[in-house]
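protein08.txt, holding compact mmCIF, C-alpha atoms:
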# COMPACT_ATOMS: atom_id res chain seq x y z
CA MET A 1 195.05 133.98 79.12
CA LYS A 2 195.22 134.03 82.92
CA VAL A 3 192.29 135.64 84.74
CA TYR A 4 192.30 135.99 88.52
CA LEU A 5 188.79 136.34 89.96
CA ASP A 6 189.45 135.38 93.59
CA ALA A 7 190.31 138.76 95.10
CA VAL A 8 188.34 137.96 98.25
CA SER A 9 190.84 135.18 98.94
CA THR A 10 193.95 137.32 98.47
CA THR A 11 195.40 140.01 96.21
CA ASN A 12 198.71 140.71 94.52
CA VAL A 13 201.06 143.06 96.34
CA ASN A 14 200.91 146.71 95.28
CA LYS A 15 204.15 147.65 93.48
CA ASP A 16 204.82 150.71 95.66
CA VAL A 17 204.32 148.65 98.81
CA LEU A 18 206.58 145.88 97.54
CA ASP A 19 209.31 148.29 96.42
CA THR A 20 209.30 150.01 99.80
CA TYR A 21 209.49 146.67 101.60
CA LYS A 22 212.45 145.51 99.46
CA LYS A 23 214.33 148.72 100.17
CA LEU A 24 213.77 148.32 103.89
CA LEU A 25 214.93 144.69 103.78
CA ASP A 26 218.25 145.71 102.26
CA LYS A 27 219.09 148.06 105.12
CA TYR A 28 217.06 147.35 108.25
CA TYR A 29 217.44 143.95 109.87
CA CYS A 30 217.97 144.79 113.55
CA ASN A 31 215.52 143.96 116.29
CA SER A 32 213.21 146.92 116.79
CA ASP A 33 213.44 146.49 120.56
CA ALA A 34 217.23 146.81 120.58
CA LEU A 35 218.54 149.96 122.31
CA TYR A 36 221.35 150.79 119.88
CA ASP A 37 220.80 153.35 117.14
CA ASP A 38 219.75 151.02 114.32
CA GLY A 39 217.20 149.24 116.51
CA VAL A 40 215.79 152.54 117.75
CA ALA A 41 215.49 153.80 114.16
CA ILE A 42 213.39 150.78 113.16
CA TYR A 43 211.24 151.13 116.27
CA ASP A 44 210.62 154.80 115.50
CA MET A 45 209.58 153.97 111.92
CA GLN A 46 207.21 151.30 113.17
CA GLU A 47 205.60 153.69 115.65
CA LYS A 48 205.29 156.33 112.93
CA SER A 49 203.47 153.74 110.83
CA ARG A 50 201.18 152.93 113.76
CA ASN A 51 200.33 156.61 114.20
CA ILE A 52 199.60 157.06 110.49
CA ILE A 53 197.30 154.02 110.43
CA CYS A 54 195.46 155.21 113.52
CA GLU A 55 194.94 158.61 111.94
CA LEU A 56 193.69 157.03 108.71
CA LEU A 57 191.21 154.85 110.64
CA GLY A 58 190.13 157.58 113.04
CA ILE A 59 191.36 155.93 116.24
CA LYS A 60 193.83 156.89 118.97
CA LYS A 61 197.52 156.10 118.47
CA ASN A 62 197.54 153.49 121.25
CA GLU A 63 194.54 151.62 119.83
CA LEU A 64 196.25 149.48 117.19
CA ILE A 65 197.97 146.15 117.83
CA PHE A 66 200.06 144.80 114.96
CA THR A 67 199.35 141.11 114.25
CA ALA A 68 200.15 138.53 111.58
CA GLY A 69 196.69 139.07 110.08
CA ALA A 70 192.97 138.98 110.83
CA SER A 71 192.95 135.36 111.97
CA GLU A 72 195.33 136.15 114.80
CA ALA A 73 193.52 139.40 115.51
CA ASN A 74 190.17 137.58 115.75
CA SER A 75 191.65 135.05 118.15
CA LEU A 76 193.21 137.76 120.31
CA ALA A 77 190.01 139.79 120.43
CA ILE A 78 187.67 136.90 121.22
CA LYS A 79 189.78 134.63 123.42
CA GLY A 80 191.82 137.46 124.89
CA LEU A 81 188.66 139.17 126.14
CA ALA A 82 187.13 135.91 127.40
CA PHE A 83 190.25 134.93 129.32
CA LYS A 84 190.47 138.40 130.87
CA HIS A 85 186.85 138.27 132.06
CA PRO A 86 186.16 134.60 132.94
CA GLU A 87 183.30 135.51 135.26
CA ARG A 88 180.96 136.27 132.32
CA LYS A 89 180.26 133.21 130.22
CA HIS A 90 177.81 134.28 127.50
CA LEU A 91 178.98 135.24 123.99
CA ILE A 92 177.10 136.18 120.80
CA THR A 93 178.25 135.76 117.21
CA SER A 94 176.85 134.81 113.80
CA ILE A 95 176.73 131.40 112.17
CA TYR A 96 178.68 132.70 109.15
CA GLU A 97 181.76 134.26 110.72
CA HIS A 98 185.20 133.56 109.28
CA SER A 99 186.60 130.27 110.54
CA SER A 100 189.19 132.04 112.71
CA ALA A 101 186.40 133.74 114.67
CA TYR A 102 183.90 130.89 114.56
CA ASN A 103 186.42 128.31 115.78
CA SER A 104 187.57 130.64 118.55
CA PHE A 105 184.00 130.67 119.85
CA LYS A 106 183.74 126.91 119.41
CA GLN A 107 186.91 126.41 121.45
CA LEU A 108 185.61 128.66 124.23
CA GLN A 109 182.33 126.77 124.18
CA GLU A 110 183.71 123.24 124.10
CA GLN A 111 186.85 123.57 126.22
CA PHE A 112 186.22 126.48 128.58
CA GLY A 113 182.52 126.23 129.38
CA TYR A 114 181.26 129.35 127.63
CA GLU A 115 177.71 129.56 126.28
CA VAL A 116 177.60 130.88 122.72
CA THR A 117 174.55 132.14 120.82
CA TYR A 118 174.99 131.74 117.04
CA LEU A 119 172.71 134.15 115.19
CA MET A 120 171.21 133.23 111.80
CA PRO A 121 170.93 135.74 108.92
CA ASP A 122 167.52 137.14 107.98
CA GLU A 123 165.90 136.93 104.54
CA ASN A 124 168.33 139.59 103.28
CA GLY A 125 171.35 137.62 104.48
CA GLN A 126 172.08 140.07 107.29
CA ILE A 127 172.49 139.84 111.04
CA THR A 128 170.07 142.45 112.31
CA LYS A 129 170.24 144.71 115.34
CA GLU A 130 166.91 143.23 116.45
CA ALA A 131 168.41 139.72 116.51
CA VAL A 132 171.39 140.97 118.52
CA LYS A 133 169.17 142.86 120.96
CA LYS A 134 167.01 139.79 121.53
CA ALA A 135 170.06 137.62 122.23
CA LEU A 136 171.70 140.00 124.73
CA ARG A 137 171.72 138.98 128.39
CA ASP A 138 172.99 140.50 131.61
CA ASP A 139 175.96 138.13 131.53
CA THR A 140 176.83 138.70 127.85
CA LEU A 141 180.51 139.57 127.57
CA LEU A 142 180.99 139.93 123.82
CA VAL A 143 179.11 140.36 120.57
CA SER A 144 181.15 139.63 117.42
CA ILE A 145 179.57 140.23 114.00
CA MET A 146 181.58 140.56 110.79
CA CYS A 147 181.13 143.68 108.66
CA VAL A 148 181.18 141.97 105.23
CA ASN A 149 180.78 138.22 104.76
CA ASN A 150 183.65 136.69 102.81
CA GLU A 151 181.59 134.13 100.89
CA ILE A 152 178.35 135.84 99.91
CA GLY A 153 179.42 139.50 100.19
CA VAL A 154 176.50 140.64 102.33
CA MET A 155 177.19 143.72 104.48
CA ASN A 156 176.04 144.03 108.07
CA ASN A 157 175.31 147.42 109.59
CA ILE A 158 177.88 147.35 112.37
CA ASN A 159 177.07 150.94 113.33
CA GLU A 160 173.47 150.04 114.19
CA ILE A 161 174.48 146.77 115.86
CA GLY A 162 177.13 148.58 117.87
CA GLN A 163 174.65 151.15 119.11
CA VAL A 164 172.37 148.37 120.38
CA VAL A 165 175.28 146.64 122.10
CA LYS A 166 176.49 149.86 123.72
CA LYS A 167 173.15 150.34 125.43
CA HIS A 168 174.20 147.32 127.48
CA SER A 169 177.29 148.95 128.97
CA GLY A 170 178.92 145.74 130.14
CA THR A 171 178.95 144.14 126.69
CA TYR A 172 181.82 144.58 124.22
CA PHE A 173 181.41 144.66 120.42
CA HIS A 174 183.95 143.21 117.98
CA SER A 175 183.77 143.14 114.18
CA ASP A 176 185.90 141.44 111.55
CA ILE A 177 186.30 144.23 108.98
CA THR A 178 188.72 142.33 106.73
CA GLN A 179 186.47 142.29 103.66
CA ALA A 180 185.22 145.82 104.25
CA LEU A 181 188.47 147.76 104.63
CA GLY A 182 189.28 149.63 101.44
CA LYS A 183 185.94 148.71 99.87
CA VAL A 184 183.22 150.46 101.89
CA ASP A 185 183.03 153.23 104.47
CA ILE A 186 183.48 151.91 108.00
CA ASP A 187 182.23 153.70 111.11
CA LEU A 188 184.06 152.43 114.21
CA THR A 189 182.30 154.74 116.67
CA TYR A 190 180.47 151.91 118.43
CA VAL A 191 183.04 149.18 117.71
CA ASP A 192 185.33 148.23 120.60
CA MET A 193 187.58 145.92 118.57
CA ALA A 194 188.05 145.30 114.84
CA SER A 195 190.27 142.87 112.91
CA PHE A 196 191.82 143.21 109.45
CA SER A 197 194.47 141.77 107.11
CA ALA A 198 196.82 143.49 104.66
CA HIS A 199 196.82 140.82 101.96
CA LYS A 200 193.17 141.48 101.12
CA ILE A 201 194.05 145.04 100.09
CA HIS A 202 197.23 144.47 98.06
CA GLY A 203 199.50 144.28 101.07
CA LEU A 204 201.86 141.64 102.41
CA LYS A 205 200.70 138.31 103.78
CA GLY A 206 201.47 137.85 107.46
CA SER A 207 200.43 141.43 108.13
CA GLY A 208 197.38 142.89 109.83
CA GLY A 209 196.07 144.34 113.01
CA LEU A 210 193.58 144.47 115.83
CA ILE A 211 191.96 147.80 116.55
CA LYS A 212 191.32 147.82 120.30
CA LYS A 213 189.82 150.81 122.04
CA GLU A 214 191.97 151.87 124.99
CA PHE A 215 189.42 150.88 127.66
CA VAL A 216 189.29 147.23 126.49
CA GLU A 217 191.45 144.86 128.55
CA LEU A 218 192.71 141.60 127.05
CA SER A 219 194.84 138.65 128.09
CA PRO A 220 197.63 137.89 125.62
CA ILE A 221 197.26 134.82 123.42
CA ILE A 222 200.97 134.83 122.53
CA SER A 223 202.89 135.29 125.75
CA GLY A 224 206.19 137.13 125.70
CA GLY A 225 207.74 140.49 126.37
CA GLN A 226 206.62 144.09 126.15
CA GLN A 227 205.89 144.04 122.42
CA GLU A 228 202.51 145.43 121.32
CA PHE A 229 201.55 146.73 124.75
CA SER A 230 202.51 143.32 126.23
CA LEU A 231 199.66 141.70 124.30
CA ARG A 232 201.65 139.98 121.55
CA GLY A 233 204.99 138.50 122.47
CA GLY A 234 207.79 137.84 120.02
CA THR A 235 210.18 139.91 117.95
CA SER A 236 208.16 142.44 115.98
CA ASN A 237 207.89 141.95 112.23
CA ALA A 238 208.73 145.63 112.09
CA LEU A 239 209.31 146.09 108.36
CA VAL A 240 205.95 144.49 107.52
CA ASN A 241 204.31 146.73 110.11
CA ILE A 242 206.02 149.77 108.62
CA VAL A 243 204.68 149.23 105.10
CA LEU A 244 201.19 148.52 106.41
CA ALA A 245 200.60 152.27 106.66
CA LYS A 246 201.26 152.71 102.95
CA THR A 247 199.08 149.67 102.18
CA ILE A 248 196.09 151.11 104.03
CA ARG A 249 196.58 154.62 102.67
CA ILE A 250 196.60 153.38 99.07
CA ALA A 251 193.60 151.13 99.71
CA LEU A 252 191.55 154.00 101.12
CA GLU A 253 192.52 156.29 98.24
CA ASN A 254 191.58 153.64 95.67
CA LYS A 255 188.22 152.99 97.35
CA ASP A 256 186.94 156.30 96.02
CA LYS A 257 189.13 156.46 92.92
CA TYR A 258 187.82 153.21 91.43
CA HIS A 259 184.24 153.31 92.75
CA ASN A 260 182.60 153.93 89.37
CA TYR A 261 184.91 151.52 87.56
CA LEU A 262 184.06 148.69 89.95
CA ASN A 263 180.35 149.37 89.45
CA GLU A 264 180.97 149.09 85.72
CA LEU A 265 182.71 145.72 86.14
CA ASN A 266 179.90 144.56 88.39
CA LYS A 267 177.24 145.49 85.82
CA ARG A 268 179.21 143.81 83.03
CA LEU A 269 179.48 140.64 85.07
CA ILE A 270 175.84 140.61 86.23
CA ASP A 271 174.60 141.22 82.68
CA GLY A 272 176.74 138.37 81.39
CA LEU A 273 175.68 135.97 84.14
CA THR A 274 171.96 136.69 83.82
CA GLY A 275 170.23 133.75 82.21
CA LEU A 276 173.28 131.51 82.56
CA VAL A 277 173.25 130.86 86.31
CA LYS A 278 171.31 131.72 89.45
CA ILE A 279 172.85 134.84 90.96
CA ASN A 280 172.83 134.77 94.76
CA THR A 281 172.94 138.45 95.63
CA TYR A 282 171.21 140.52 98.29
CA PRO A 283 170.37 144.25 98.50
CA SER A 284 173.41 144.83 100.73
CA SER A 285 175.86 142.62 98.80
CA LEU A 286 179.34 143.95 98.06
CA ASN A 287 179.63 144.89 94.38
CA THR A 288 182.92 143.04 93.93
CA LEU A 289 181.80 139.61 95.16
CA ILE A 290 179.19 137.50 93.41
CA ASN A 291 178.08 133.99 94.36
CA VAL A 292 176.31 131.98 91.67
CA THR A 293 174.69 128.57 91.42
CA SER A 294 174.90 126.62 88.16
CA LYS A 295 173.54 123.31 86.86
CA ILE A 296 176.87 121.54 87.15
CA THR A 297 178.84 120.81 90.29
CA SER A 298 181.27 123.41 91.55
CA GLU A 299 184.09 120.87 91.36
CA VAL A 300 183.52 120.28 87.63
CA LEU A 301 183.06 123.98 86.96
CA LEU A 302 186.17 125.03 88.89
CA ASN A 303 188.31 122.47 87.07
CA ALA A 304 186.94 123.46 83.68
CA LEU A 305 187.53 127.16 84.36
CA ASN A 306 191.03 126.39 85.66
CA GLN A 307 191.88 124.68 82.38
CA LYS A 308 191.01 127.93 80.64
CA GLY A 309 193.25 129.93 82.98
CA ILE A 310 190.44 131.32 85.14
CA MET A 311 190.81 131.28 88.92
CA VAL A 312 187.68 131.37 91.07
CA SER A 313 186.70 129.51 94.25
CA SER A 314 183.75 127.52 95.52
CA LYS A 315 184.04 128.49 99.21
CA SER A 316 186.28 130.30 101.62
CA THR A 317 189.85 129.19 100.97
CA CYS A 318 190.27 128.61 104.71
CA GLY A 319 187.89 125.67 104.31
CA SER A 320 188.58 124.72 100.72
CA ARG A 321 190.34 121.45 101.59
CA LYS A 322 187.87 120.33 104.24
CA ASN A 323 184.84 118.15 103.61
CA GLU A 324 182.54 119.96 106.00
CA LEU A 325 179.23 121.73 105.45
CA ASN A 326 179.48 125.39 104.48
CA ARG A 327 177.98 127.45 107.32
CA THR A 328 177.43 130.58 105.23
CA LEU A 329 175.77 129.01 102.21
CA GLY A 330 173.83 126.55 104.35
CA SER A 331 172.35 129.36 106.44
CA MET A 332 171.06 130.98 103.22
CA ASP A 333 169.75 127.80 101.57
CA ILE A 334 172.36 127.98 98.79
CA ASP A 335 173.54 124.63 97.45
CA GLU A 336 177.28 124.66 98.05
CA ASP A 337 177.83 121.68 95.74
CA TYR A 338 176.75 123.80 92.76
CA SER A 339 177.96 127.26 93.77
CA ILE A 340 181.08 129.26 92.99
CA ARG A 341 182.38 132.61 94.24
CA ILE A 342 183.57 135.27 91.78
CA SER A 343 185.43 138.25 93.21
CA PHE A 344 187.40 141.04 91.57
CA ASP A 345 188.95 144.44 92.22
CA TYR A 346 190.31 147.46 90.39
CA THR A 347 193.19 145.47 88.88
CA ASN A 348 190.76 143.43 86.77
CA THR A 349 189.67 144.52 83.28
CA ILE A 350 186.49 144.44 81.22
CA GLU A 351 188.28 142.10 78.82
CA GLU A 352 188.86 139.63 81.65
CA ILE A 353 185.20 139.75 82.65
CA ASP A 354 184.16 139.15 79.03
CA TYR A 355 186.59 136.23 78.71
CA PHE A 356 185.17 134.67 81.88
CA ILE A 357 181.60 134.97 80.60
CA THR A 358 182.56 133.46 77.24
CA CYS A 359 184.31 130.52 78.89
CA LEU A 360 181.45 130.00 81.33
CA LYS A 361 178.98 129.76 78.46
CA GLU A 362 181.14 127.22 76.68
CA ILE A 363 181.53 125.08 79.81
CA LEU A 364 177.81 125.16 80.65
CA ASP A 365 176.90 124.25 77.07
CA LYS A 366 179.27 121.31 77.25
CA TYR A 367 178.45 119.92 80.71
CA ALA A 368 175.00 121.17 81.74

In C-alpha cells, what does this structure look like?
Amino acid sequence: MKVYLDAVSTTNVNKDVLDTYKKLLDKYYCNSDALYDDGVAIYDMQEKSRNIICELLGIKKNELIFTAGASEANSLAIKGLAFKHPERKHLITSIYEHSSAYNSFKQLQEQFGYEVTYLMPDENGQITKEAVKKALRDDTLLVSIMCVNNEIGVMNNINEIGQVVKKHSGTYFHSDITQALGKVDIDLTYVDMASFSAHKIHGLKGSGGLIKKEFVELSPIISGGQQEFSLRGGTSNALVNIVLAKTIRIALENKDKYHNYLNELNKRLIDGLTGLVKINTYPSSLNTLINVTSKITSEVLLNALNQKGIMVSSKSTCGSRKNELNRTLGSMDIDEDYSIRISFDYTNTIEEIDYFITCLKEILDKYA
C-alpha cells in the first residue's frame, strides 16, 4: 500500500487541469508574443486566464505577474523592490520564512549592504503585529511575513500585520501565501505583494505568480523583453499560465467543499497520534499539517515508514539534502533530529490515515 502524506511538499496534478494542458499542448505551440494569428490566440487565452485569476483573488487585472513558482515570485518581490529603492536599507522578515525568501534577504544583507531584522515567533508560534510594529523604522522598505509556515503549519494574521505596516506609508508589505492558498481564507487588502505556487494546489510544477499591487514598482530579476509588464523576461510559458486559472478555481471551490472532511481526517490523525508521539501543534496551526516528535530519530522513522510505502518528510524539502540547522523548528524549541512532518489533503482517505497510525505503532514498538 502506498500512502502519500507530504502534501505540503507537492501534490498530484488535478485530472481536469492535466487533461486541459495536454489538449493545449497538442495544438498551441507558438510564441504568445508572435503577431500572427496563432500567437495572438495564445496571448489572448493567457490574458483571459490572468483576468480570471485576478477576479478569483479579488485584485485588479494588471496586478498579477506569472512566474515559475513562489520561489521566483519571492525573489522578484524582495530583491526587485530592494533594487528599485536602494536608498532605503532596512528590511524586516521572520526567522522561519521559506528558503527562497530567507536567502533573498540574506543575499541583500551580505552582498548589498542591507540591514535585516529577523523576527522570532511568540509562544504560539506566530509573528505578531506588535513585534512588527516594534521593528519598524523610518528607513524600513519592506516587511515580509509568510501567511502559513510550511513546516509547522502555524498561521500568521497577515491582515493585522498589514494594517500595522500600512500606518507607516513608506513601508511595503509582502507575504508568501503558498501554503495558505486553497486552504484558508486570505484577505489581501493590506498586502502589497503575495507569492504562490500551483503545484501545492494540484497544479503544474513550474507555475505560479506574484500578486503585485499596481502602485508597487520593482526592478526585474530576469532581464528581457516586454513580457509580464517588462518585469520577467523570456518567452512566456503560456500554456502553463493558461491552466493556472482552472487550478486556482478548483482549489478555491474545494477549500469549502472538503472543509468538514479535512477536519475529520485531522481528528482521526490526532486521536491516533495521541499517546504515541509529542504533537507539536499551536492554536493557529493548519489542520492539514502536523509536526510530531518521537523517541527515535527522524532518519530511522522516515526510512522505516518508507519501507511500508508511507511518504512523509522531516523538514522542508527545499532543505532536505542539506546538513544545516532548521530555522523553523529551532525557533520553536522542537528537536529536528526526532521530528517528522505529516501533511495531507482531500485526496487522502481515512483508510490511509489508519494504515499510517498502525505502521507508526509497529515501528515505535520495534525501535523506541

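Surrounding region 275-277 of chain A within 7 Å are A:Val292, A:Thr293, A:Ser294, with only C-alpha atoms counted and residues fewer than 3 positions along the same chain left out.
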
Rank nothing, just name the residue among A:Ile242, A:Ile158, A:Ile340, A:Leu91 nearest to Ala135 (chain A), using all atoms listed in the file.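 Of all the options, A:Leu91 lies closest to Ala135 (chain A).
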
Choose the residue, out of A:Tyr346, A:Tyr338, A:Tyr28, A:Phe112, that has the smallest atom-to-atom separation from Ala368 (chain A); count all atoms listed in the file.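 Ranked by minimum distance to Ala368 (chain A), first place goes to A:Tyr338.
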
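Taking CA of Lys212 (chain A) and CA of Ile53 (chain A) as endpoints, the distance between them is 13.1 Å.
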
Taking only C-alpha atoms into account, name the residue in A:Val184, A:Ala73, A:Ile350, A:Ala41 that is nearest to Arg268 (chain A). A:Ile350

Need the neighbours of (179.2, 142.4, 98.5): which residues are at most 8 Å away, counting all atoms listed in the file, as a PyMOL selection string? chain A and resi 148-149+152-155+281+284-290

For the residues in that selection, give me C-alpha atoms as a tab-separated table (two decimals), in the coordinates of the input.
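Saved the output as selection_12.tsv:
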chain	number	residue	atom	x	y	z
A	148	VAL	CA	181.18	141.97	105.23
A	149	ASN	CA	180.78	138.22	104.76
A	152	ILE	CA	178.35	135.84	99.91
A	153	GLY	CA	179.42	139.50	100.19
A	154	VAL	CA	176.50	140.64	102.33
A	155	MET	CA	177.19	143.72	104.48
A	281	THR	CA	172.94	138.45	95.63
A	284	SER	CA	173.41	144.83	100.73
A	285	SER	CA	175.86	142.62	98.80
A	286	LEU	CA	179.34	143.95	98.06
A	287	ASN	CA	179.63	144.89	94.38
A	288	THR	CA	182.92	143.04	93.93
A	289	LEU	CA	181.80	139.61	95.16
A	290	ILE	CA	179.19	137.50	93.41

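In this comparison, which uses all atoms listed in the file, the residue of A:Leu5, A:Leu18, A:Val116, A:Leu210 approaching Lys246 (chain A) most closely is A:Leu18.
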
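With all atoms listed in the file as the basis for measurement, A:Met45 is the residue among A:Leu204, A:Met45, A:Leu305, A:Asn51 that approaches Leu24 (chain A) most closely.
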
Who sits within 12 Å of Ile95 (chain A), all atoms listed in the file, same chain under 2 positions skipped, as a PyMOL selection string: chain A and resi 92-93+97-99+101-103+105-106+116-122+125-127+144-146+149+326-332

Keeping only C-alpha atoms, write the selected residues to a file as a PDB file, in the coordinates of the input.
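Result file is part01.pdb:
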ATOM      1  CA  ILE A  92     177.100 136.180 120.800  1.00  0.00           C
ATOM      2  CA  THR A  93     178.250 135.760 117.210  1.00  0.00           C
ATOM      3  CA  GLU A  97     181.760 134.260 110.720  1.00  0.00           C
ATOM      4  CA  HIS A  98     185.200 133.560 109.280  1.00  0.00           C
ATOM      5  CA  SER A  99     186.600 130.270 110.540  1.00  0.00           C
ATOM      6  CA  ALA A 101     186.400 133.740 114.670  1.00  0.00           C
ATOM      7  CA  TYR A 102     183.900 130.890 114.560  1.00  0.00           C
ATOM      8  CA  ASN A 103     186.420 128.310 115.780  1.00  0.00           C
ATOM      9  CA  PHE A 105     184.000 130.670 119.850  1.00  0.00           C
ATOM     10  CA  LYS A 106     183.740 126.910 119.410  1.00  0.00           C
ATOM     11  CA  VAL A 116     177.600 130.880 122.720  1.00  0.00           C
ATOM     12  CA  THR A 117     174.550 132.140 120.820  1.00  0.00           C
ATOM     13  CA  TYR A 118     174.990 131.740 117.040  1.00  0.00           C
ATOM     14  CA  LEU A 119     172.710 134.150 115.190  1.00  0.00           C
ATOM     15  CA  MET A 120     171.210 133.230 111.800  1.00  0.00           C
ATOM     16  CA  PRO A 121     170.930 135.740 108.920  1.00  0.00           C
ATOM     17  CA  ASP A 122     167.520 137.140 107.980  1.00  0.00           C
ATOM     18  CA  GLY A 125     171.350 137.620 104.480  1.00  0.00           C
ATOM     19  CA  GLN A 126     172.080 140.070 107.290  1.00  0.00           C
ATOM     20  CA  ILE A 127     172.490 139.840 111.040  1.00  0.00           C
ATOM     21  CA  SER A 144     181.150 139.630 117.420  1.00  0.00           C
ATOM     22  CA  ILE A 145     179.570 140.230 114.000  1.00  0.00           C
ATOM     23  CA  MET A 146     181.580 140.560 110.790  1.00  0.00           C
ATOM     24  CA  ASN A 149     180.780 138.220 104.760  1.00  0.00           C
ATOM     25  CA  ASN A 326     179.480 125.390 104.480  1.00  0.00           C
ATOM     26  CA  ARG A 327     177.980 127.450 107.320  1.00  0.00           C
ATOM     27  CA  THR A 328     177.430 130.580 105.230  1.00  0.00           C
ATOM     28  CA  LEU A 329     175.770 129.010 102.210  1.00  0.00           C
ATOM     29  CA  GLY A 330     173.830 126.550 104.350  1.00  0.00           C
ATOM     30  CA  SER A 331     172.350 129.360 106.440  1.00  0.00           C
ATOM     31  CA  MET A 332     171.060 130.980 103.220  1.00  0.00           C
TER      32      MET A 332
END

Within 10 Å of region 355-359 of chain A, counting all atoms listed in the file, which residues qualify if same-chain residues fewer than 5 places away don't, as a compact mmCIF listing (two decimals) with C-alpha atoms, keeping the file's coordinate frame?
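Produced file out_1.txt, reproduced below:
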# COMPACT_ATOMS: atom_id res chain seq x y z
CA MET A 1 195.05 133.98 79.12
CA LYS A 2 195.22 134.03 82.92
CA VAL A 3 192.29 135.64 84.74
CA TYR A 4 192.30 135.99 88.52
CA LEU A 5 188.79 136.34 89.96
CA ARG A 268 179.21 143.81 83.03
CA LEU A 269 179.48 140.64 85.07
CA ILE A 270 175.84 140.61 86.23
CA ASP A 271 174.60 141.22 82.68
CA GLY A 272 176.74 138.37 81.39
CA LEU A 273 175.68 135.97 84.14
CA LEU A 276 173.28 131.51 82.56
CA ALA A 304 186.94 123.46 83.68
CA LEU A 305 187.53 127.16 84.36
CA LYS A 308 191.01 127.93 80.64
CA GLY A 309 193.25 129.93 82.98
CA ILE A 310 190.44 131.32 85.14
CA MET A 311 190.81 131.28 88.92
CA THR A 349 189.67 144.52 83.28
CA ILE A 350 186.49 144.44 81.22
CA LEU A 364 177.81 125.16 80.65
CA ASP A 365 176.90 124.25 77.07

For Leu136 (chain A), find every residue with an atom within 10 Å (counting all atoms listed in the file), except residues of its own chain fewer than 5 positions away, and show them as a list of chain:residue names.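 Within the cut-off, the hits are A:His90, A:Leu91, A:Ile92, A:Thr117, A:Ala131, A:Leu141, A:Leu142, A:Val143, A:Val164, A:Val165, A:His168, A:Thr171.
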
Which polymer residues have any atom within 12 Å of an atom of region 248-264 of chain A, counting all atoms listed in the file, with same-chain residues fewer than 3 positions away left out, as a PyMOL selection string? chain A and resi 11+13-17+49-50+52-57+178+180-186+196-204+207-209+241-245+267-271+286-289+343-350+353

Which one is closest to Asp33 (chain A): A:Leu108, A:Ala238, A:Leu81, A:Ile59? Count only C-alpha atoms. A:Ala238

Measure the distance from CA of Ala70 (chain A) to CA of Thr10 (chain A) in Å and round it to one decimal.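 That distance, rounded to one decimal, is 12.5 Å.
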
May I ask for the distance between CA of Gly206 (chain A) and CA of Gly69 (chain A), given in Å to one decimal place? 5.6 Å

Pull the neighbourhood of (201.9, 140.5, 124.4) for me: all residues within 12 Å in file coordinates, counting all atoms listed in the file, as a ChimeraX atom specification. /A:65-67,76,80,218-236
